[in-house]
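Peer 1: Below you'll find upload.pdb; it's PDB, C-alpha atoms.
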MODEL        1
ATOM      1  CA  MET A   1       0.000   0.000   0.000
ATOM      2  CA  ALA A   2       1.419   3.387  -0.997
ATOM      3  CA  MET A   3       1.739   5.924   1.786
ATOM      4  CA  THR A   4      -0.425   9.011   1.290
ATOM      5  CA  PRO A   5      -0.574  12.295   3.203
ATOM      6  CA  TRP A   6      -3.416  13.192   5.550
ATOM      7  CA  ASN A   7      -6.490  14.169   3.577
ATOM      8  CA  THR A   8      -6.507  17.590   5.240
ATOM      9  CA  GLY A   9      -3.806  19.483   7.083
ATOM     10  CA  LEU A  10      -3.615  19.816  10.835
ATOM     11  CA  PHE A  11      -4.857  23.424  10.755
ATOM     12  CA  ASP A  12      -7.388  23.014   7.907
ATOM     13  CA  CYS A  13     -10.363  23.399  10.219
ATOM     14  CA  CYS A  14     -12.169  25.631   7.723
ATOM     15  CA  ASP A  15     -12.341  22.725   5.256
ATOM     16  CA  ASP A  16     -15.050  21.166   7.423
ATOM     17  CA  MET A  17     -16.765  23.733   9.613
ATOM     18  CA  SER A  18     -18.972  21.169  11.368
ATOM     19  CA  SER A  19     -15.922  19.260  12.640
ATOM     20  CA  CYS A  20     -14.246  22.532  13.572
ATOM     21  CA  CYS A  21     -17.218  23.785  15.586
ATOM     22  CA  TYR A  22     -17.758  20.390  17.191
ATOM     23  CA  GLY A  23     -14.097  20.284  18.264
ATOM     24  CA  PHE A  24     -14.063  23.903  19.427
ATOM     25  CA  TRP A  25     -17.233  23.792  21.485
ATOM     26  CA  CYS A  26     -16.933  20.257  22.841
ATOM     27  CA  CYS A  27     -13.575  18.652  22.103
ATOM     28  CA  PRO A  28     -14.062  15.777  24.593
ATOM     29  CA  CYS A  29     -17.295  14.852  22.787
ATOM     30  CA  LEU A  30     -15.538  15.005  19.410
ATOM     31  CA  ALA A  31     -12.710  12.840  20.744
ATOM     32  CA  CYS A  32     -15.193  10.235  21.990
ATOM     33  CA  THR A  33     -16.959  10.298  18.608
ATOM     34  CA  VAL A  34     -13.685   9.768  16.731
ATOM     35  CA  ALA A  35     -12.699   6.875  18.993
ATOM     36  CA  GLY A  36     -16.113   5.265  18.465
ATOM     37  CA  LYS A  37     -16.035   5.711  14.678
ATOM     38  CA  PHE A  38     -12.578   4.153  14.603
ATOM     39  CA  GLY A  39     -13.892   1.089  16.433
ATOM     40  CA  GLU A  40     -12.451   1.806  19.865
ATOM     41  CA  ASN A  41     -14.318   2.315  23.118
ATOM     42  CA  ARG A  42     -16.012   5.720  23.093
ATOM     43  CA  CYS A  43     -14.732   6.422  26.597
ATOM     44  CA  LEU A  44     -11.076   5.927  25.614
ATOM     45  CA  PRO A  45     -10.342   9.686  25.220
ATOM     46  CA  LEU A  46     -11.392  10.253  28.812
ATOM     47  CA  CYS A  47      -8.004   8.734  29.703
ATOM     48  CA  ASP A  48      -6.434  11.883  28.268
ATOM     49  CA  ILE A  49      -8.426  13.991  30.709
ATOM     50  CA  LEU A  50      -7.919  11.783  33.757
ATOM     51  CA  SER A  51      -4.425  10.372  33.207
ATOM     52  CA  PRO A  52      -2.418  13.573  33.926
ATOM     53  CA  ALA A  53      -4.128  14.021  37.297
ATOM     54  CA  VAL A  54      -3.760  10.370  38.276
ATOM     55  CA  THR A  55      -0.112  10.097  37.262
ATOM     56  CA  ALA A  56       0.772  13.460  38.823
ATOM     57  CA  ALA A  57      -0.771  12.256  42.087
ATOM     58  CA  CYS A  58       1.619   9.288  41.899
ATOM     59  CA  GLY A  59       4.557  11.585  41.220
ATOM     60  CA  LEU A  60       4.871  10.785  37.499
ATOM     61  CA  PRO A  61       4.357  13.727  35.173
ATOM     62  CA  LEU A  62       2.583  12.769  31.950
ATOM     63  CA  CYS A  63       2.545  15.097  28.979
ATOM     64  CA  VAL A  64       1.682  12.704  26.137
ATOM     65  CA  PRO A  65      -2.062  12.024  25.937
ATOM     66  CA  PRO A  66      -2.211   8.244  25.473
ATOM     67  CA  ALA A  67      -5.609   8.011  23.762
ATOM     68  CA  ALA A  68      -4.992  10.816  21.265
ATOM     69  CA  LEU A  69      -1.616   9.335  20.381
ATOM     70  CA  SER A  70      -2.824   5.749  20.049
ATOM     71  CA  VAL A  71      -5.893   6.619  17.949
ATOM     72  CA  ARG A  72      -3.787   8.914  15.728
ATOM     73  CA  VAL A  73      -1.191   6.189  15.135
ATOM     74  CA  GLY A  74      -3.967   3.642  14.541
ATOM     75  CA  ILE A  75      -5.678   5.823  11.934
ATOM     76  CA  ARG A  76      -2.343   6.536  10.267
ATOM     77  CA  HIS A  77      -1.491   2.838   9.991
ATOM     78  CA  THR A  78      -4.993   1.735   8.977
ATOM     79  CA  TYR A  79      -5.251   4.173   6.078
ATOM     80  CA  GLY A  80      -1.565   4.162   5.064
ATOM     81  CA  ILE A  81      -0.919   7.805   5.938
ATOM     82  CA  LYS A  82       2.610   9.198   5.873
ATOM     83  CA  GLY A  83       4.077  10.226   9.195
ATOM     84  CA  SER A  84       6.135   9.064  12.125
ATOM     85  CA  LEU A  85       5.651   8.304  15.773
ATOM     86  CA  CYS A  86       7.742  11.360  16.646
ATOM     87  CA  LYS A  87       5.406  13.652  14.667
ATOM     88  CA  ASP A  88       2.365  11.967  16.208
ATOM     89  CA  ILE A  89       3.737  12.597  19.704
ATOM     90  CA  GLY A  90       4.392  16.264  18.915
ATOM     91  CA  VAL A  91       0.949  16.794  17.403
ATOM     92  CA  SER A  92      -0.778  14.941  20.247
ATOM     93  CA  CYS A  93       1.076  16.962  22.897
ATOM     94  CA  PHE A  94       0.891  20.460  21.468
ATOM     95  CA  CYS A  95      -2.139  20.487  19.147
ATOM     96  CA  MET A  96      -4.463  17.883  20.628
ATOM     97  CA  TRP A  97      -7.717  19.631  19.643
ATOM     98  CA  CYS A  98      -6.522  20.170  16.072
ATOM     99  CA  SER A  99      -5.393  16.547  16.017
ATOM    100  CA  TRP A 100      -8.859  15.265  16.995
ATOM    101  CA  CYS A 101     -10.439  17.519  14.337
ATOM    102  CA  GLN A 102      -8.014  16.236  11.689
ATOM    103  CA  MET A 103      -8.723  12.625  12.637
ATOM    104  CA  HIS A 104     -12.484  13.320  12.493
ATOM    105  CA  ARG A 105     -12.140  14.794   8.984
ATOM    106  CA  GLU A 106     -10.007  11.823   7.903
ATOM    107  CA  LEU A 107     -12.568   9.291   9.131
ATOM    108  CA  LYS A 108     -15.378  11.236   7.433
ATOM    109  CA  HIS A 109     -13.386  11.177   4.184
ATOM    110  CA  HIS A 110     -12.783   7.426   4.334
ATOM    111  CA  ASN A 111     -16.394   6.682   5.267
ATOM    112  CA  GLN A 112     -17.589   8.646   2.204
ATOM    113  CA  ALA A 113     -15.432   6.624  -0.177
ATOM    114  CA  PRO A 114     -17.379   5.227  -3.123
ATOM    115  CA  ALA A 115     -19.071   1.951  -2.393
ATOM    116  CA  THR A 116     -17.897  -1.164  -4.157
ATOM    117  CA  VAL A 117     -20.630  -2.991  -6.055
ATOM    118  CA  ILE A 118     -20.382  -6.767  -5.966
ATOM    119  CA  ASN A 119     -22.348  -8.782  -8.505
ATOM    120  CA  VAL A 120     -23.405 -12.135  -7.168
ATOM    121  CA  GLN A 121     -24.479 -14.929  -9.488
ATOM    122  CA  THR A 122     -26.980 -17.330  -8.074
ATOM    123  CA  THR A 123     -26.508 -21.041  -8.481
ATOM    124  CA  SER A 124     -29.033 -23.767  -7.954
ATOM    125  CA  ILE A 125     -28.325 -26.281  -5.268
ATOM    126  CA  ASN A 126     -29.470 -29.878  -5.598
ATOM    127  CA  LEU A 127     -30.674 -31.000  -2.203
ATOM    128  CA  GLN A 128     -31.110 -34.647  -3.217
ATOM    129  CA  PRO A 129     -28.549 -37.038  -1.800
ATOM    130  CA  ASN A 130     -25.953 -38.546  -4.107
ATOM    131  CA  PRO A 131     -26.834 -42.009  -5.449
ATOM    132  CA  VAL A 132     -25.404 -44.865  -3.425
ATOM    133  CA  MET A 133     -24.442 -48.205  -4.960
ATOM    134  CA  MET A 134     -25.568 -51.128  -2.885
ATOM    135  CA  ALA A 135     -23.432 -54.246  -2.751
ATOM    136  CA  PRO A 136     -25.273 -57.385  -3.746
ATOM    137  CA  ALA A 137     -26.470 -59.503  -0.883
ATOM    138  CA  PRO A 138     -24.168 -62.432  -0.172
ATOM    139  CA  VAL A 139     -25.348 -65.735  -1.624
ATOM    140  CA  ALA A 140     -25.219 -68.716   0.646
ATOM    141  CA  TYR A 141     -25.528 -72.293  -0.528
ATOM    142  CA  VAL A 142     -25.314 -75.639   1.091
ATOM    143  CA  SER A 143     -22.541 -77.995  -0.031
ATOM    144  CA  GLN A 144     -22.926 -80.598   2.726
ATOM    145  CA  PRO A 145     -25.626 -80.950   5.290
ATOM    146  CA  GLY A 146     -24.977 -78.520   8.174
ATOM    147  CA  VAL A 147     -22.189 -76.569   6.331
ATOM    148  CA  PHE A 148     -23.008 -73.248   4.668
ATOM    149  CA  MET A 149     -20.667 -71.664   2.151
ATOM    150  CA  VAL A 150     -20.809 -67.946   1.381
ATOM    151  CA  ALA A 151     -19.765 -66.760  -2.076
ATOM    152  CA  ARG A 152     -18.482 -63.272  -2.559
TER     153      ARG A 152
ENDMDL
END
Turn the structure described in the file into structure tokens.

Peer 2:
Amino acid sequence: MAMTPWNTGLFDCCDDMSSCCYGFWCCPCLACTVAGKFGENRCLPLCDILSPAVTAACGLPLCVPPAALSVRVGIRHTYGIKGSLCKDIGVSCFCMWCSWCQMHRELKHHNQAPATVINVQTTSINLQPNPVMMAPAPVAYVSQPGVFMVAR
């Protein structure tokens, strides 16, 4: 599969105003929608909201949002989009809202791809059992009184 660029740029929010407004007014909702459309649990992006507080309470600072990064990498690999893990980390850390909007636009683009028409030819199925050849019944004859011989 040839690697292609993202369908829209990171800051191309004006290309799809509905995604832009959705991300601006309720980015957590947009993130949950993107995760769901990509086949992940819709609550996955909530880890990005909760994980910094939980890890900071344990003394571990966390600056990379795990859900945004993992969904971004997953979309990139699924659709053969050019990029690197390093770029995904940078985008997820410093432009998370724009990243969710870009992923939403990308999924909308791939879901609007032209449908493939498949022609199916019907075949008739014979539900009768296959013929079975029966072996002839063995013939028995008497050669001496009390002794039976079987011919095959």

Peer 1: Using CA of Leu69 in chain A and CA of Ile49 in chain A as the two end points, give the distance in Å to one decimal.

Peer 2: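 Going from CA of Leu69 in chain A over to CA of Ile49 in chain A, I get 13.2 Å.
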
Peer 1: Pick from A:Gln128, A:Thr78, A:Ser84, A:Thr8: nearest to Phe38 in chain A, with only C-alpha atoms counted?

Peer 2: A:Thr78

Peer 1: Separation of CA of Tyr22 in chain A and CA of Thr4 in chain A, in Å?

Peer 2: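 Going from CA of Tyr22 in chain A over to CA of Thr4 in chain A covers 26.1 Å.
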
Peer 1: Excluding same-chain residues fewer than 3 positions from range 11-19 of chain A, what lies within 12 Å of it counting all atoms listed in the file, as a VMD selection string?

Peer 2: chain A and resid 6 to 8 22 to 27 29 to 31 33 to 34 91 95 to 109

Peer 1: What does the distance from CA of Ala67 in chain A to CA of Asp48 in chain A come to in Å, to one decimal?

Peer 2: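 Between CA of Ala67 in chain A and CA of Asp48 in chain A the gap is 6.0 Å.
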
Peer 1: Using all atoms listed in the file, which of A:Met133, A:Gly83, A:Asn111, A:Ile89 sits nearest Met3 in chain A?

Peer 2: A:Gly83

Peer 1: Identify which of the residues A:Leu50, A:Lys87, A:Glu40, A:Phe94 lies closest to Val71 in chain A, counting only C-alpha atoms when measuring atom-to-atom distances.

Peer 2: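 Residue with the minimum atom-to-atom distance to Val71 in chain A: A:Glu40.
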
Peer 1: Within 6 Å of Arg42 in chain A, counting only C-alpha atoms, which residues qualify if same-chain residues fewer than 4 places away don't, as a ChimeraX atom specification?

Peer 2: /A:32,35-36
